[in-house]
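Engineer: Please find structure18.pdb (PDB, C-alpha atoms, pLDDT in the B column) on the next line:
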MODEL        1
ATOM      1  CA  MET T   1      -8.751  -5.799  23.369  1.00 62.00           C
ATOM      2  CA  THR T   2      -8.042  -8.095  20.456  1.00 73.00           C
ATOM      3  CA  THR T   3      -5.108 -10.449  20.358  1.00 88.00           C
ATOM      4  CA  PRO T   4      -2.714 -10.583  17.400  1.00 86.00           C
ATOM      5  CA  GLU T   5      -4.283 -13.910  16.420  1.00 90.00           C
ATOM      6  CA  GLN T   6      -7.765 -12.369  16.387  1.00 93.00           C
ATOM      7  CA  GLN T   7      -6.465  -9.466  14.307  1.00 92.00           C
ATOM      8  CA  LYS T   8      -5.040 -11.882  11.739  1.00 94.00           C
ATOM      9  CA  LYS T   9      -8.378 -13.692  11.537  1.00 94.00           C
ATOM     10  CA  GLN T  10     -10.181 -10.392  11.062  1.00 96.00           C
ATOM     11  CA  ALA T  11      -7.646  -9.415   8.405  1.00 96.00           C
ATOM     12  CA  LEU T  12      -8.317 -12.665   6.540  1.00 95.00           C
ATOM     13  CA  PHE T  13     -12.046 -11.958   6.677  1.00 96.00           C
ATOM     14  CA  TRP T  14     -11.533  -8.516   5.104  1.00 96.00           C
ATOM     15  CA  LEU T  15      -9.123  -9.927   2.526  1.00 96.00           C
ATOM     16  CA  GLU T  16     -11.609 -12.618   1.485  1.00 97.00           C
ATOM     17  CA  TYR T  17     -14.408 -10.048   1.385  1.00 96.00           C
ATOM     18  CA  SER T  18     -12.237  -7.794  -0.759  1.00 96.00           C
ATOM     19  CA  GLN T  19     -11.633 -10.648  -3.187  1.00 96.00           C
ATOM     20  CA  GLN T  20     -15.377 -11.306  -3.436  1.00 96.00           C
ATOM     21  CA  LEU T  21     -16.012  -7.628  -4.163  1.00 96.00           C
ATOM     22  CA  SER T  22     -13.220  -7.563  -6.719  1.00 95.00           C
ATOM     23  CA  ASN T  23     -14.659 -10.625  -8.451  1.00 94.00           C
ATOM     24  CA  SER T  24     -17.937  -8.695  -8.654  1.00 95.00           C
ATOM     25  CA  ILE T  25     -16.115  -5.761 -10.298  1.00 96.00           C
ATOM     26  CA  ARG T  26     -16.681  -3.571  -7.234  1.00 96.00           C
ATOM     27  CA  TYR T  27     -13.104  -2.307  -7.049  1.00 96.00           C
ATOM     28  CA  VAL T  28     -13.617   0.806  -4.916  1.00 97.00           C
ATOM     29  CA  GLU T  29     -15.361  -1.252  -2.239  1.00 98.00           C
ATOM     30  CA  ALA T  30     -12.783  -4.017  -2.615  1.00 97.00           C
ATOM     31  CA  LEU T  31     -10.030  -1.470  -2.062  1.00 98.00           C
ATOM     32  CA  ARG T  32     -11.664  -0.255   1.161  1.00 98.00           C
ATOM     33  CA  ALA T  33     -12.003  -3.827   2.415  1.00 98.00           C
ATOM     34  CA  VAL T  34      -8.406  -4.751   1.660  1.00 98.00           C
ATOM     35  CA  GLN T  35      -7.213  -1.551   3.332  1.00 98.00           C
ATOM     36  CA  ARG T  36      -8.968  -2.755   6.479  1.00 98.00           C
ATOM     37  CA  ALA T  37      -7.176  -6.100   6.129  1.00 98.00           C
ATOM     38  CA  ILE T  38      -3.810  -4.357   5.861  1.00 98.00           C
ATOM     39  CA  ALA T  39      -4.582  -2.135   8.858  1.00 97.00           C
ATOM     40  CA  LEU T  40      -5.113  -5.321  10.880  1.00 96.00           C
ATOM     41  CA  ASP T  41      -2.127  -7.254   9.470  1.00 96.00           C
ATOM     42  CA  GLU T  42       0.511  -5.159   7.716  1.00 97.00           C
ATOM     43  CA  LEU T  43       2.689  -8.219   7.104  1.00 96.00           C
ATOM     44  CA  ASN T  44       0.163 -10.034   4.901  1.00 97.00           C
ATOM     45  CA  ALA T  45       1.759 -10.112   1.432  1.00 98.00           C
ATOM     46  CA  GLU T  46      -1.452 -11.440  -0.112  1.00 97.00           C
ATOM     47  CA  ALA T  47      -3.337  -8.365   1.110  1.00 98.00           C
ATOM     48  CA  TRP T  48      -0.743  -6.021  -0.396  1.00 98.00           C
ATOM     49  CA  TYR T  49      -1.033  -7.936  -3.676  1.00 98.00           C
ATOM     50  CA  ALA T  50      -4.837  -7.633  -3.550  1.00 98.00           C
ATOM     51  CA  GLN T  51      -4.578  -3.913  -2.864  1.00 98.00           C
ATOM     52  CA  GLY T  52      -2.233  -3.556  -5.841  1.00 98.00           C
ATOM     53  CA  THR T  53      -4.747  -5.346  -8.025  1.00 98.00           C
ATOM     54  CA  CYS T  54      -7.518  -3.000  -6.902  1.00 98.00           C
ATOM     55  CA  TYR T  55      -5.384   0.030  -7.681  1.00 98.00           C
ATOM     56  CA  ALA T  56      -4.517  -1.391 -11.099  1.00 98.00           C
ATOM     57  CA  MET T  57      -8.163  -2.046 -11.899  1.00 97.00           C
ATOM     58  CA  LEU T  58      -8.873   1.567 -10.920  1.00 98.00           C
ATOM     59  CA  ALA T  59      -6.086   2.693 -13.327  1.00 98.00           C
ATOM     60  CA  ASN T  60      -3.819   3.916 -10.521  1.00 98.00           C
ATOM     61  CA  TYR T  61      -0.805   2.066 -11.896  1.00 98.00           C
ATOM     62  CA  GLU T  62       1.981   3.733  -9.907  1.00 98.00           C
ATOM     63  CA  GLU T  63       0.191   2.952  -6.639  1.00 98.00           C
ATOM     64  CA  ALA T  64      -0.454  -0.594  -7.871  1.00 99.00           C
ATOM     65  CA  LEU T  65       3.244  -1.032  -8.604  1.00 99.00           C
ATOM     66  CA  THR T  66       4.159   0.226  -5.132  1.00 99.00           C
ATOM     67  CA  ASN T  67       1.786  -2.322  -3.583  1.00 99.00           C
ATOM     68  CA  PHE T  68       3.054  -5.229  -5.694  1.00 99.00           C
ATOM     69  CA  GLU T  69       6.621  -4.317  -4.735  1.00 98.00           C
ATOM     70  CA  HIS T  70       5.642  -4.149  -1.056  1.00 99.00           C
ATOM     71  CA  ALA T  71       4.054  -7.603  -1.337  1.00 99.00           C
ATOM     72  CA  LEU T  72       7.325  -8.857  -2.815  1.00 98.00           C
ATOM     73  CA  GLN T  73       9.339  -7.330   0.029  1.00 98.00           C
ATOM     74  CA  LEU T  74       7.215  -9.434   2.375  1.00 98.00           C
ATOM     75  CA  ASP T  75       7.274 -12.578   0.207  1.00 98.00           C
ATOM     76  CA  LYS T  76       9.713 -12.810  -2.713  1.00 98.00           C
ATOM     77  CA  THR T  77       8.051 -16.071  -3.819  1.00 98.00           C
ATOM     78  CA  ASN T  78       4.605 -14.521  -4.389  1.00 97.00           C
ATOM     79  CA  VAL T  79       4.090 -15.482  -8.040  1.00 97.00           C
ATOM     80  CA  GLN T  80       0.913 -13.424  -8.355  1.00 97.00           C
ATOM     81  CA  ALA T  81       2.710 -10.297  -7.148  1.00 98.00           C
ATOM     82  CA  TRP T  82       5.524 -10.824  -9.679  1.00 98.00           C
ATOM     83  CA  ASP T  83       2.920 -11.227 -12.404  1.00 97.00           C
ATOM     84  CA  GLY T  84       1.013  -8.178 -11.153  1.00 98.00           C
ATOM     85  CA  LYS T  85       4.231  -6.189 -11.211  1.00 98.00           C
ATOM     86  CA  ALA T  86       4.829  -7.293 -14.808  1.00 97.00           C
ATOM     87  CA  TRP T  87       1.249  -6.328 -15.682  1.00 97.00           C
ATOM     88  CA  VAL T  88       1.528  -2.731 -14.484  1.00 98.00           C
ATOM     89  CA  LEU T  89       5.091  -2.280 -15.721  1.00 97.00           C
ATOM     90  CA  GLY T  90       3.831  -3.259 -19.168  1.00 95.00           C
ATOM     91  CA  ILE T  91       0.994  -0.748 -18.930  1.00 95.00           C
ATOM     92  CA  LEU T  92       3.466   1.926 -17.838  1.00 97.00           C
ATOM     93  CA  GLY T  93       5.606   1.213 -20.913  1.00 94.00           C
ATOM     94  CA  ARG T  94       8.476  -0.275 -18.919  1.00 95.00           C
ATOM     95  CA  HIS T  95       8.571  -3.423 -21.028  1.00 92.00           C
ATOM     96  CA  ASP T  96      12.111  -4.611 -20.252  1.00 93.00           C
ATOM     97  CA  GLU T  97      11.348  -4.526 -16.531  1.00 96.00           C
ATOM     98  CA  ALA T  98       7.989  -6.198 -17.175  1.00 96.00           C
ATOM     99  CA  VAL T  99       9.681  -9.075 -19.011  1.00 95.00           C
ATOM    100  CA  LYS T 100      12.133  -9.547 -16.128  1.00 96.00           C
ATOM    101  CA  ALA T 101       9.279  -9.637 -13.608  1.00 98.00           C
ATOM    102  CA  VAL T 102       7.217 -12.124 -15.613  1.00 97.00           C
ATOM    103  CA  ASP T 103      10.314 -14.277 -16.186  1.00 97.00           C
ATOM    104  CA  TYR T 104      10.852 -14.387 -12.428  1.00 96.00           C
ATOM    105  CA  ALA T 105       7.216 -15.378 -11.903  1.00 97.00           C
ATOM    106  CA  LEU T 106       7.689 -18.215 -14.383  1.00 97.00           C
ATOM    107  CA  GLN T 107      10.899 -19.334 -12.667  1.00 97.00           C
ATOM    108  CA  LEU T 108       8.900 -19.701  -9.471  1.00 97.00           C
ATOM    109  CA  ASP T 109       5.963 -21.418 -11.195  1.00 96.00           C
ATOM    110  CA  PRO T 110       6.519 -22.446 -14.831  1.00 96.00           C
ATOM    111  CA  ASP T 111       2.855 -23.460 -15.125  1.00 95.00           C
ATOM    112  CA  TYR T 112       1.344 -20.168 -13.924  1.00 95.00           C
ATOM    113  CA  ARG T 113      -1.148 -19.504 -16.715  1.00 95.00           C
ATOM    114  CA  GLU T 114      -1.494 -15.738 -16.307  1.00 93.00           C
ATOM    115  CA  ALA T 115       2.272 -15.231 -16.445  1.00 94.00           C
ATOM    116  CA  LYS T 116       2.566 -17.429 -19.546  1.00 93.00           C
ATOM    117  CA  HIS T 117      -0.057 -15.325 -21.333  1.00 93.00           C
ATOM    118  CA  ARG T 118       1.503 -12.084 -20.143  1.00 93.00           C
ATOM    119  CA  LYS T 119       4.928 -13.149 -21.426  1.00 93.00           C
ATOM    120  CA  LYS T 120       3.455 -13.866 -24.865  1.00 92.00           C
ATOM    121  CA  ARG T 121       1.763 -10.456 -24.942  1.00 90.00           C
ATOM    122  CA  LEU T 122       4.947  -8.689 -23.864  1.00 90.00           C
ATOM    123  CA  GLN T 123       6.974 -10.536 -26.493  1.00 87.00           C
ATOM    124  CA  ALA T 124       4.424  -9.675 -29.177  1.00 86.00           C
ATOM    125  CA  PHE T 125       4.621  -6.024 -28.159  1.00 79.00           C
ATOM    126  CA  GLN T 126       8.424  -6.068 -28.343  1.00 73.00           C
ATOM    127  CA  ASN T 127       8.301  -7.606 -31.833  1.00 68.00           C
ATOM    128  CA  GLU T 128       6.066  -4.833 -33.210  1.00 63.00           C
TER
ENDMDL
END
Please render this file's structure as structure tokens.
Structural biologist:
Amino acid sequence: MTTPEQQKKQALFWLEYSQQLSNSIRYVEALRAVQRAIALDELNAEAWYAQGTCYAMLANYEEALTNFEHALQLDKTNVQAWDGKAWVLGILGRHDEAVKAVDYALQLDPDYREAKHRKKRLQAFQNE
């Protein structure tokens, strides 16, 4: 029988493995790995964010949004999840909501590069 501490360590292993797979553009495998991480530690906001990213890279944007929002329920200060939420909202054509999400990410971390770039792209889209 594994202890909760051992489960968290195993979850971190699967999360890190998922990130390596994702960096290698192996999103289906990355998704399977991060699902194992979540099964071991359902309260890991980083894992929910990673799962959302996998879904987004596989063009399953509604599922990605659900995962980013779940990550934010667990950790409202997760800048990456706010930026991920803005990313998929923009893709889904929900630009006003996307701007609000990216603005919140930038409130939390004004120097977060991805969010800065995303805000510029969203503003350019709105000005078209």
Engineer: Could you check which of T:Phe125, T:Tyr112, T:Tyr104, T:Tyr27 is closest to Ala86 of chain T, using all atoms listed in the file?
Structural biologist: T:Tyr104
Engineer: For Leu12 of chain T, list every protein, DNA or RNA residue within 9 Å, evaluated using all atoms listed in the file, and leave out those in the same chain fewer than 5 positions away; present the list as number ranges by chain.
Structural biologist: T: 7, 17, 37, 41, 47
Engineer: Given all atoms listed in the file as the basis, pick out the residue of T:Arg36, T:Arg26, T:Lys76, T:His70 nearest to Met57 of chain T.
Structural biologist: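 Of T:Arg36, T:Arg26, T:Lys76, T:His70, the one nearest Met57 of chain T, counting all atoms listed in the file, is T:Arg26.
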Engineer: Which is closer to Gln20 of chain T than all the others in T:Glu69, T:Cys54, T:Ala124, T:Glu5, using only C-alpha atoms?
Structural biologist: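 Nearest to Gln20 of chain T: T:Cys54.
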Engineer: Please write the residues picked by the PyMOL selection byres ((chain T and resi 39) around 12) on this file as a list in words.
Structural biologist: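 Applying the expression gives Gln7, Lys8, Gln10, Ala11, Leu12, Trp14, Leu15, Arg32, Ala33, Val34, Gln35, Arg36, Ala37, Ile38, Leu40, Asp41, Glu42, Leu43, Asn44, Ala47, Trp48 and Gln51 of chain T.
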Engineer: Measuring atom to atom with all atoms listed in the file, identify which of T:Val79, T:Ala59, T:Ala64, T:Leu122 is nearest to Gln107 of chain T.
Structural biologist: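 That would be T:Val79, the residue with the smallest distance to Gln107 of chain T.
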Engineer: Leaving out Asn60 of chain T and any residue of its chain fewer than 3 positions from it, which residues lie within 12 Å of it when counting all atoms listed in the file, given as a CSV table (one decimal) with C-alpha atoms, in the coordinates of the input?
Structural biologist:
chain,number,residue,atom,x,y,z
T,27,TYR,CA,-13.1,-2.3,-7.0
T,28,VAL,CA,-13.6,0.8,-4.9
T,31,LEU,CA,-10.0,-1.5,-2.1
T,51,GLN,CA,-4.6,-3.9,-2.9
T,52,GLY,CA,-2.2,-3.6,-5.8
T,53,THR,CA,-4.7,-5.3,-8.0
T,54,CYS,CA,-7.5,-3.0,-6.9
T,55,TYR,CA,-5.4,0.0,-7.7
T,56,ALA,CA,-4.5,-1.4,-11.1
T,57,MET,CA,-8.2,-2.0,-11.9
T,63,GLU,CA,0.2,3.0,-6.6
T,64,ALA,CA,-0.5,-0.6,-7.9
T,65,LEU,CA,3.2,-1.0,-8.6
T,66,THR,CA,4.2,0.2,-5.1
T,67,ASN,CA,1.8,-2.3,-3.6
T,88,VAL,CA,1.5,-2.7,-14.5
T,91,ILE,CA,1.0,-0.7,-18.9
T,92,LEU,CA,3.5,1.9,-17.8
Engineer: Can you measure atom CA of Ala30 of chain T to atom CA of Trp87 of chain T for me? One decimal in Å is fine.
Structural biologist: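 So the two atoms, atom CA of Ala30 of chain T and atom CA of Trp87 of chain T, lie 19.3 Å apart.
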Engineer: Go through T:Glu16, T:His95, T:Ala115, T:Gln126 one by one, measure the shortest atom-to-atom distance of each to Asp83 of chain T using only C-alpha atoms, and give the residue with the smallest value.
Structural biologist: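 Looking at the shortest contact to Asp83 of chain T, the residue is T:Ala115.
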Engineer: Between atom CA of Asp111 of chain T and atom CA of Gln80 of chain T, measure the distance and give it in Å to one decimal.
Structural biologist: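 Computing the Euclidean distance for atom CA of Asp111 of chain T and atom CA of Gln80 of chain T yields 12.3 Å.
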Engineer: Could you please determine the separation between atom CA of Lys119 of chain T and atom CA of Tyr49 of chain T in Å, to one decimal place?
Structural biologist: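 These two atoms are separated by 19.4 Å.
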Engineer: Go through T:Ile25, T:Leu89, T:Ala81, T:Leu72 one by one, measure the shortest atom-to-atom distance of each to Leu58 of chain T using only C-alpha atoms, and give the residue with the smallest value.
Structural biologist: T:Ile25
Engineer: Could you work out an axis-aligned bounding box for all listed atoms of segment 95-113 of chain T, with 8 Å added on each of the six sides, and give its centre and edge lengths in Å to one decimal, as lines of an AutoDock Vina configuration file?
Structural biologist:
center_x = 5.5
center_y = -13.4
center_z = -15.2
size_x = 29.3
size_y = 36.0
size_z = 27.6
